[in-house]
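J.: There's a structure below that I have some questions on.
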Amino acid sequence: MHKLSTKTPLFEQFEEIALTQGDKVAVDSEGESISYRELLGLSLEIAAGLERATTREQPVGLLVEQGPLFIASALACLRIGIPFVPLDPSYPSTRLDHMIKQSATEVILASGTQAALSSSVAGPGRTVKNIDDLRIESAPKSLPTGAEDTAYILFTSGSTASPKGVMQSGKSVVHNVIRHSRNFHITSEDRQTLLYPTSVYGGIRDIFNALLHGCSIFHFGVREKGYTDLGPWLREKRISIYCSVASVFRHFAASMPEDLALDDLRLIKLGGEATRRKDIDLFESKGFRPDCVVFGGLASTETGMVRAYRHEKGQPYPGSALPLGYPVDGVEVTLVDPQGQPVERGEAGEIVVTSKYISKGYINMPGETTEKFSANPDGTISYRMGDLAREDEKGCLTHLGRADSQIKIRGNRIEISEVEAAILTSPDVKDAAVNVGENATGEAMMLAYFIPATEGTNPDLSLKLRDHLLSRVP
């Protein structure tokens with residue numbers, strides 16, 4: 001097996017693997033399949049054309065649908081030393097415009113199917129290049145992106161503020177792959193899903209986890225196809241590693257036929273949101289093989305994998321949601337109080353991540369970078385996540401919600417995520433969300449919105465849910 005190195009350029013490591021894997025499937029998407037040899041050749045052709053079309057001074061936007069062409073275009077940027085910015089074609093044009101302006105992107109690579117959208121986002125000082133017109137059958141002359149250089153710029157969701165462009169270096173990408181390899185034991189024989197959009201951390205993570213291990217990656221368009229066909233597709237493609245947000249797994253597993261056995265699936269990686277008791281109940285009851293495991297944990301666009309938690313079939317379920325888990329190599333977690341001082345074990349505190357292998361900060365946002373990131377004398381960087389957690393005596397971290405999601409009602413501090421978790425323990429509830437509002441007299445009150453587990457109206461369900469919550473009060 002190829003030995004991964006945080007000191008070697010990312011593209012060079014992919015190239016070495018591609019040359020050894022040859023005709024093995026690298027990417028399979030919607031009936032289109034491309035081998036490692038073909039993926040390497042395509043990326044070099046795009047890189048040669050891109051080299052002539054750019055000044056290599058600014059990032060390149062990728063307005064390309066998910067699949068082989070997006071991955072080849074990303075690799076082409078790495079080959080000639082330019083960071084890439086994934087631009088999801090499904091995003092509103094206003095969000096795409098913000099991402100392009102914030103990252104100072106001047107050249108946009110677009111596939112032919114995105115011609116109309118690319119013309120709408122092309123503004124003053126921007127150039128749109130059709131990938132098919134760029135391809136040149138010659139070797140690029142520029143040097144690949146170095147290990148310390150920015151490999152890509154990935155934008156946050158913008159759920160708490162304006163979307164920020166997170167810069168990630170090649171060495172951080174590789175070390176994140178190493179962390180996953182040590183926890184998931186990925187090999188070249190694995191067959192992995194690509195269910196996340198390539199514009200988010202999960203999608204980029206899954207691409208490099210697969211390509212830097214020489215295994216095959218299979219794309220299924222959940223947005224377009226829904227969940228019903230996902231189970232049979234996993235069986236047909238003999239998927240061994242499944243990765244998605246918890247809610248996608250929840251809907252897919254609930255719709256999974258009782259007699260469907262996924263004999264090849266050995267690992268389920270869930271992220272993006274809390275893995276609930278109902279998710280694990282589905283895992284226990286459906287046709288997943290006895291030695292299949294579920295992995296949860298803690299990760300972010302800025303940090304990559306921070307903590308990992310492994311759940312085996314039949315293992316006791318700890319609470320209403322999976323813990324964030326235990327330490328991983330190369331990453332240190334400290335819990336601090338509002339003044340930035342470490343708290344005692346067992347006490348709640350904000351998560352601070354320290355490592356040599358996390359983001360370099362937010363592009364063209366020095367104020368926000370200074371607020372969240374700090375450089376340390378030993379060469380590490382510390383990042384304040386804005387999440388609250390508690391660590392038990394065994395070193396396992398439990399999530400307590402966002403530091404900015406606490407509310408006060410009649411002087412009592414309440415964590416919204418804990419209320420949501422309590423509601424979701426009811427067998428009558430499929431999903432729930434809690435917010436703060438006001439009653440008729442202007443006093444603060446909590447508002448809970450929920451989706452019943454069964455269809456139809458039930459006027460007594462709200463009262464039943466209230467009694468359920470009261471029964472859980474100590």
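Labeling convention for the structure tokens: chains A, B, ... as they appear, residues from 1 per chain, ligands from 1 in order of appearance.
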Just list as a PyMOL selection string whatever in segment 125-156 of chain A DSSP marks as helix (DSSP H, G or I).

T.: chain A and resi 131-134

J.: Name the residues in contact with Asp28 of chain A at a cut-off of 6 Å, using only C-alpha atoms, excluding same-chain residues fewer than 4 positions from it; report them as a list of chain:residue names.

T.: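 Near Asp28 of chain A, the qualifying residues are A:Glu32, A:Ser33, A:Phe218.
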
J.: Could you write out the selected residues, including N, CA and C atoms, as a PDB file, in the first residue's frame?

T.:
```pdb
ATOM      1  N   GLU A  32     -21.834   6.376 -15.676  1.00  0.00           N
ATOM      2  CA  GLU A  32     -20.550   6.757 -16.263  1.00  0.00           C
ATOM      3  C   GLU A  32     -19.427   6.272 -15.354  1.00  0.00           C
ATOM      4  N   SER A  33     -18.507   5.507 -15.920  1.00  0.00           N
ATOM      5  CA  SER A  33     -17.419   4.942 -15.128  1.00  0.00           C
ATOM      6  C   SER A  33     -16.087   5.349 -15.738  1.00  0.00           C
ATOM      7  N   PHE A 218     -18.353   5.583  -5.628  1.00  0.00           N
ATOM      8  CA  PHE A 218     -19.595   5.468  -6.387  1.00  0.00           C
ATOM      9  C   PHE A 218     -20.550   6.590  -5.988  1.00  0.00           C
TER      10      PHE A 218
END
```

J.: So, with only C-alpha atoms as the atoms that count, which of A:Tyr357, A:Phe373, A:Phe288, A:Tyr242 lies closest to Ala261 of chain A?

T.: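 Checking each of A:Tyr357, A:Phe373, A:Phe288, A:Tyr242 against Ala261 of chain A, counting only C-alpha atoms, the winner is A:Phe288.
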
J.: Would you write out, as JSON lines, a table of all residues in segment 128-211 of chain A that have an atom no more than 12 Å from an atom of segment 305-317 of chain A, listing for each the closest atom pair and the distance in Å to one decimal, considering only C-alpha atoms and ordering rows by chain and rising residue number?

T.:
```
{"residue": "A:Ser172", "atom": "CA", "partner": "A:Met305", "partner_atom": "CA", "distance": 10.5}
{"residue": "A:Val173", "atom": "CA", "partner": "A:Met305", "partner_atom": "CA", "distance": 10.4}
{"residue": "A:Val174", "atom": "CA", "partner": "A:Met305", "partner_atom": "CA", "distance": 11.7}
{"residue": "A:His175", "atom": "CA", "partner": "A:Met305", "partner_atom": "CA", "distance": 9.6}
{"residue": "A:Asn176", "atom": "CA", "partner": "A:Met305", "partner_atom": "CA", "distance": 6.4}
{"residue": "A:Val177", "atom": "CA", "partner": "A:Met305", "partner_atom": "CA", "distance": 9.0}
{"residue": "A:Ile178", "atom": "CA", "partner": "A:Met305", "partner_atom": "CA", "distance": 10.1}
{"residue": "A:Arg179", "atom": "CA", "partner": "A:Met305", "partner_atom": "CA", "distance": 7.1}
{"residue": "A:His180", "atom": "CA", "partner": "A:Met305", "partner_atom": "CA", "distance": 7.6}
{"residue": "A:Ser181", "atom": "CA", "partner": "A:Met305", "partner_atom": "CA", "distance": 11.2}
{"residue": "A:Arg182", "atom": "CA", "partner": "A:Ala308", "partner_atom": "CA", "distance": 10.8}
{"residue": "A:Asn183", "atom": "CA", "partner": "A:Ala308", "partner_atom": "CA", "distance": 7.8}
{"residue": "A:Phe184", "atom": "CA", "partner": "A:Arg310", "partner_atom": "CA", "distance": 9.7}
{"residue": "A:Tyr201", "atom": "CA", "partner": "A:Met305", "partner_atom": "CA", "distance": 10.4}
{"residue": "A:Gly202", "atom": "CA", "partner": "A:Met305", "partner_atom": "CA", "distance": 10.4}
{"residue": "A:Arg205", "atom": "CA", "partner": "A:Met305", "partner_atom": "CA", "distance": 9.6}
```

J.: How would the residues just chosen look if you wrote them out with N, CA and C atoms as a CSV table (one decimal), in the first residue's frame?

T.:
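Writing the result to part_21.csv gives the following:
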```
chain,number,residue,atom,x,y,z
A,172,SER,N,-2.9,19.2,5.3
A,172,SER,CA,-4.0,19.0,6.1
A,172,SER,C,-5.0,18.0,5.5
A,173,VAL,N,-5.2,18.1,4.2
A,173,VAL,CA,-6.0,17.1,3.5
A,173,VAL,C,-5.5,15.7,3.7
A,174,VAL,N,-4.1,15.5,3.5
A,174,VAL,CA,-3.5,14.2,3.6
A,174,VAL,C,-3.6,13.7,5.0
A,175,HIS,N,-3.4,14.5,6.0
A,175,HIS,CA,-3.4,14.1,7.4
A,175,HIS,C,-4.8,13.7,7.8
A,176,ASN,N,-5.8,14.4,7.2
A,176,ASN,CA,-7.2,14.0,7.5
A,176,ASN,C,-7.5,12.6,6.9
A,177,VAL,N,-7.0,12.3,5.7
A,177,VAL,CA,-7.1,11.0,5.2
A,177,VAL,C,-6.5,10.0,6.1
A,178,ILE,N,-5.3,10.3,6.6
A,178,ILE,CA,-4.6,9.4,7.5
A,178,ILE,C,-5.4,9.1,8.7
A,179,ARG,N,-6.0,10.1,9.3
A,179,ARG,CA,-6.9,9.9,10.5
A,179,ARG,C,-8.0,9.0,10.2
A,180,HIS,N,-8.7,9.2,9.0
A,180,HIS,CA,-9.8,8.3,8.6
A,180,HIS,C,-9.3,6.9,8.4
A,181,SER,N,-8.1,6.8,7.8
A,181,SER,CA,-7.5,5.4,7.5
A,181,SER,C,-7.3,4.6,8.7
A,182,ARG,N,-6.8,5.3,9.8
A,182,ARG,CA,-6.4,4.6,11.0
A,182,ARG,C,-7.7,4.2,11.8
A,183,ASN,N,-8.8,4.9,11.6
A,183,ASN,CA,-10.0,4.6,12.3
A,183,ASN,C,-10.9,3.6,11.4
A,184,PHE,N,-10.9,3.8,10.1
A,184,PHE,CA,-11.8,3.0,9.3
A,184,PHE,C,-11.1,1.8,8.6
A,201,TYR,N,-17.7,19.8,3.0
A,201,TYR,CA,-16.5,19.0,3.6
A,201,TYR,C,-16.7,17.5,3.3
A,202,GLY,N,-17.9,17.0,3.6
A,202,GLY,CA,-18.1,15.6,3.5
A,202,GLY,C,-17.8,15.0,2.1
A,205,ARG,N,-13.9,15.3,1.5
A,205,ARG,CA,-13.3,14.2,2.4
A,205,ARG,C,-13.4,12.9,1.7
```

J.: I'd like the interatomic distance between atom CA of Gly31 of chain A and atom CA of Val60 of chain A, to a tenth of an Å.

T.: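 Separating atom CA of Gly31 of chain A from atom CA of Val60 of chain A is a distance of 27.9 Å.
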
J.: Atom CA of Ser244 of chain A and atom CA of Ser199 of chain A are how many Å apart?

T.: 13.9 Å

J.: Quick check, in Å to one decimal: how far apart do atom CA of Asp279 of chain A and atom CA of Arg223 of chain A lie?

T.: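 Computed distance, atom CA of Asp279 of chain A to atom CA of Arg223 of chain A, equals 20.2 Å.
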
J.: Can you tell me which residues surround Pro124 of chain A at a distance of at most 12 Å, considering only C-alpha atoms, apart from same-chain residues fewer than 5 positions away, and format the answer as a list of chain:residue names?

T.: A:Asp97, A:Ile100, A:Lys101, A:Ala104, A:Thr105, A:Glu106, A:Val107, A:Ser119

J.: Which residues of segment 340-383 of chain A sit at most 12 Å from segment 148-157 of chain A, using only C-alpha atoms? Give each one's shortest atom pair and distance in Å (one decimal place), in chain and ascending residue order, as JSON lines.

T.:
```
{"residue": "A:Lys356", "atom": "CA", "partner": "A:Glu148", "partner_atom": "CA", "distance": 10.7}
{"residue": "A:Tyr357", "atom": "CA", "partner": "A:Glu148", "partner_atom": "CA", "distance": 10.0}
{"residue": "A:Ile358", "atom": "CA", "partner": "A:Glu148", "partner_atom": "CA", "distance": 11.4}
{"residue": "A:Ser359", "atom": "CA", "partner": "A:Thr150", "partner_atom": "CA", "distance": 9.2}
{"residue": "A:Lys360", "atom": "CA", "partner": "A:Thr150", "partner_atom": "CA", "distance": 8.2}
{"residue": "A:Gly361", "atom": "CA", "partner": "A:Ile153", "partner_atom": "CA", "distance": 10.0}
{"residue": "A:Tyr362", "atom": "CA", "partner": "A:Ile153", "partner_atom": "CA", "distance": 8.6}
{"residue": "A:Ile363", "atom": "CA", "partner": "A:Ile153", "partner_atom": "CA", "distance": 7.8}
{"residue": "A:Asn364", "atom": "CA", "partner": "A:Ile153", "partner_atom": "CA", "distance": 11.3}
```

J.: So that I have them on file, write out the residues from the current selection with C-alpha atoms, as a short mmCIF file (atom, residue, chain, number, x, y, z; two decimals), in the first residue's frame.

T.:
```
data_model
loop_
_atom_site.label_atom_id
_atom_site.label_comp_id
_atom_site.auth_asym_id
_atom_site.auth_seq_id
_atom_site.Cartn_x
_atom_site.Cartn_y
_atom_site.Cartn_z
CA LYS A 356 -0.70 21.34 12.75
CA TYR A 357 -3.28 19.98 10.31
CA ILE A 358 -6.26 22.31 10.35
CA SER A 359 -7.34 25.28 8.24
CA LYS A 360 -5.14 28.29 7.58
CA GLY A 361 -8.18 30.54 8.17
CA TYR A 362 -10.83 32.27 6.08
CA ILE A 363 -9.86 33.73 2.73
CA ASN A 364 -9.93 37.54 2.59
#
```

J.: List the spatial neighbours of Leu50 of chain A as a list in words - criterion: any atom at most 8 Å away, only C-alpha atoms, same-chain residues fewer than 4 positions off excluded.

T.: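 Within the cut-off, the hits are Ile46, Thr54, Ala76, Cys77 and Leu134 of chain A.
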
J.: Measuring atom to atom with only C-alpha atoms, identify which of A:Asn130, A:Thr334, A:Ser73, A:Thr6 is nearest to Leu44 of chain A.

T.: A:Ser73

J.: Check segment 107-354 of chain A with DSSP on the backbone and list each residue it calls strand (DSSP E), as JSON, numbers by chain.

T.: {"A": [107, 108, 109, 110, 127, 128, 129, 130, 150, 151, 152, 153, 154, 155, 165, 166, 167, 168, 169, 191, 192, 193, 194, 216, 217, 218, 219, 241, 242, 243, 244, 245, 267, 268, 269, 270, 271, 293, 294, 295, 296, 297, 298, 299, 300, 304, 305, 306, 307, 308, 309, 310, 311, 312, 326, 327, 332, 333, 334, 335, 336, 349, 350, 351, 352, 353, 354]}

J.: What's the 12 Å shell around Glu455 of chain A, counting only C-alpha atoms, without same-chain residues fewer than 5 positions away, as a count of residues only?

T.: 3

J.: When distances are computed from only C-alpha atoms, which of A:Asp460, A:Glu332, A:Glu393, A:Glu236 shows the smallest separation from Glu347 of chain A?

T.: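 Smallest distance to Glu347 of chain A is found for A:Glu393.
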
J.: Mind checking which residues fall within 6 Å of Val25 of chain A, counting only C-alpha atoms, ignoring those fewer than 3 positions away in the same chain, and posting them as number ranges by chain?

T.: A: 34-35, 216

J.: Would you put the residues from that selection into a file with all heavy atoms, as a PDB file, in the first residue's frame?

T.:
```pdb
ATOM      1  N   ILE A  34     -15.123   5.657 -14.876  1.00  0.00           N
ATOM      2  CA  ILE A  34     -13.805   6.074 -15.351  1.00  0.00           C
ATOM      3  C   ILE A  34     -12.744   5.379 -14.501  1.00  0.00           C
ATOM      4  O   ILE A  34     -12.871   5.270 -13.279  1.00  0.00           O
ATOM      5  CB  ILE A  34     -13.659   7.617 -15.276  1.00  0.00           C
ATOM      6  CG1 ILE A  34     -12.351   8.069 -15.922  1.00  0.00           C
ATOM      7  CG2 ILE A  34     -13.790   8.121 -13.862  1.00  0.00           C
ATOM      8  CD1 ILE A  34     -12.268   9.589 -16.090  1.00  0.00           C
ATOM      9  N   SER A  35     -11.709   4.864 -15.155  1.00  0.00           N
ATOM     10  CA  SER A  35     -10.650   4.148 -14.450  1.00  0.00           C
ATOM     11  C   SER A  35      -9.643   5.134 -13.878  1.00  0.00           C
ATOM     12  O   SER A  35      -9.639   6.327 -14.204  1.00  0.00           O
ATOM     13  CB  SER A  35      -9.940   3.188 -15.400  1.00  0.00           C
ATOM     14  OG  SER A  35      -9.159   3.915 -16.349  1.00  0.00           O
ATOM     15  N   SER A 216     -12.466   2.385  -5.079  1.00  0.00           N
ATOM     16  CA  SER A 216     -13.447   2.915  -6.025  1.00  0.00           C
ATOM     17  C   SER A 216     -14.508   3.719  -5.283  1.00  0.00           C
ATOM     18  O   SER A 216     -14.939   3.341  -4.192  1.00  0.00           O
ATOM     19  CB  SER A 216     -14.118   1.768  -6.795  1.00  0.00           C
ATOM     20  OG  SER A 216     -13.153   0.992  -7.481  1.00  0.00           O
TER      21      SER A 216
END
```

J.: Nearest to Val333 of chain A: which of A:Gly349, A:Gly296, A:Pro427, A:Gly379 is it, counting only C-alpha atoms?

T.: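 Of all the options, A:Gly349 lies closest to Val333 of chain A.
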
J.: Env of Leu470 of chain A: 12 Å cut, atoms = only C-alpha atoms, seq-sep filter 6 positions within chain, self excluded. Answer as a PDB file with N, CA and C atoms, in the first residue's frame.

T.:
```pdb
ATOM      1  N   VAL A 419     -33.342  20.031  24.281  1.00  0.00           N
ATOM      2  CA  VAL A 419     -34.797  19.931  24.209  1.00  0.00           C
ATOM      3  C   VAL A 419     -35.203  19.148  22.958  1.00  0.00           C
ATOM      4  N   ALA A 422     -34.649  15.498  23.509  1.00  0.00           N
ATOM      5  CA  ALA A 422     -35.668  14.901  24.372  1.00  0.00           C
ATOM      6  C   ALA A 422     -36.959  14.635  23.598  1.00  0.00           C
ATOM      7  N   ILE A 423     -37.352  15.572  22.728  1.00  0.00           N
ATOM      8  CA  ILE A 423     -38.561  15.379  21.922  1.00  0.00           C
ATOM      9  C   ILE A 423     -38.407  14.175  21.007  1.00  0.00           C
ATOM     10  N   SER A 426     -39.425  10.479  21.753  1.00  0.00           N
ATOM     11  CA  SER A 426     -40.808  10.015  21.679  1.00  0.00           C
ATOM     12  C   SER A 426     -41.009   9.149  20.443  1.00  0.00           C
ATOM     13  N   LEU A 463     -50.523  17.074  23.409  1.00  0.00           N
ATOM     14  CA  LEU A 463     -50.659  16.799  24.845  1.00  0.00           C
ATOM     15  C   LEU A 463     -49.886  15.539  25.227  1.00  0.00           C
ATOM     16  N   LYS A 464     -49.930  14.554  24.368  1.00  0.00           N
ATOM     17  CA  LYS A 464     -49.189  13.315  24.633  1.00  0.00           C
ATOM     18  C   LYS A 464     -47.689  13.586  24.674  1.00  0.00           C
TER      19      LYS A 464
END
```

J.: Could I get the residues of segment 188-238 of chain A with an atom no further than 10 Å from an atom of segment 255-258 of chain A, each paired with its nearest atom pair and that distance in Å to one decimal, using only C-alpha atoms, sorted by chain and residue number, as a Markdown table?

T.:
```
| residue | atom | partner | partner_atom | distance |
| --- | --- | --- | --- | --- |
| A:Tyr227 | CA | A:Ser255 | CA | 7.1 |
| A:Thr228 | CA | A:Ser255 | CA | 5.8 |
| A:Asp229 | CA | A:Met256 | CA | 8.5 |
| A:Leu230 | CA | A:Met256 | CA | 8.2 |
| A:Gly231 | CA | A:Met256 | CA | 5.9 |
| A:Pro232 | CA | A:Met256 | CA | 8.3 |
```

J.: Include C-alpha atoms and write out the residues we just selected as an mmCIF file, in the first residue's frame.

T.:
```cif
data_model
loop_
_atom_site.group_PDB
_atom_site.id
_atom_site.type_symbol
_atom_site.label_atom_id
_atom_site.label_comp_id
_atom_site.auth_asym_id
_atom_site.auth_seq_id
_atom_site.Cartn_x
_atom_site.Cartn_y
_atom_site.Cartn_z
ATOM 1 C CA TYR A 227 -34.008 7.286 -0.831
ATOM 2 C CA THR A 228 -36.102 4.338 -2.033
ATOM 3 C CA ASP A 229 -33.575 3.009 -4.548
ATOM 4 C CA LEU A 230 -30.507 3.648 -2.406
ATOM 5 C CA GLY A 231 -30.591 0.296 -0.587
ATOM 6 C CA PRO A 232 -30.779 -1.849 -3.759
#
```
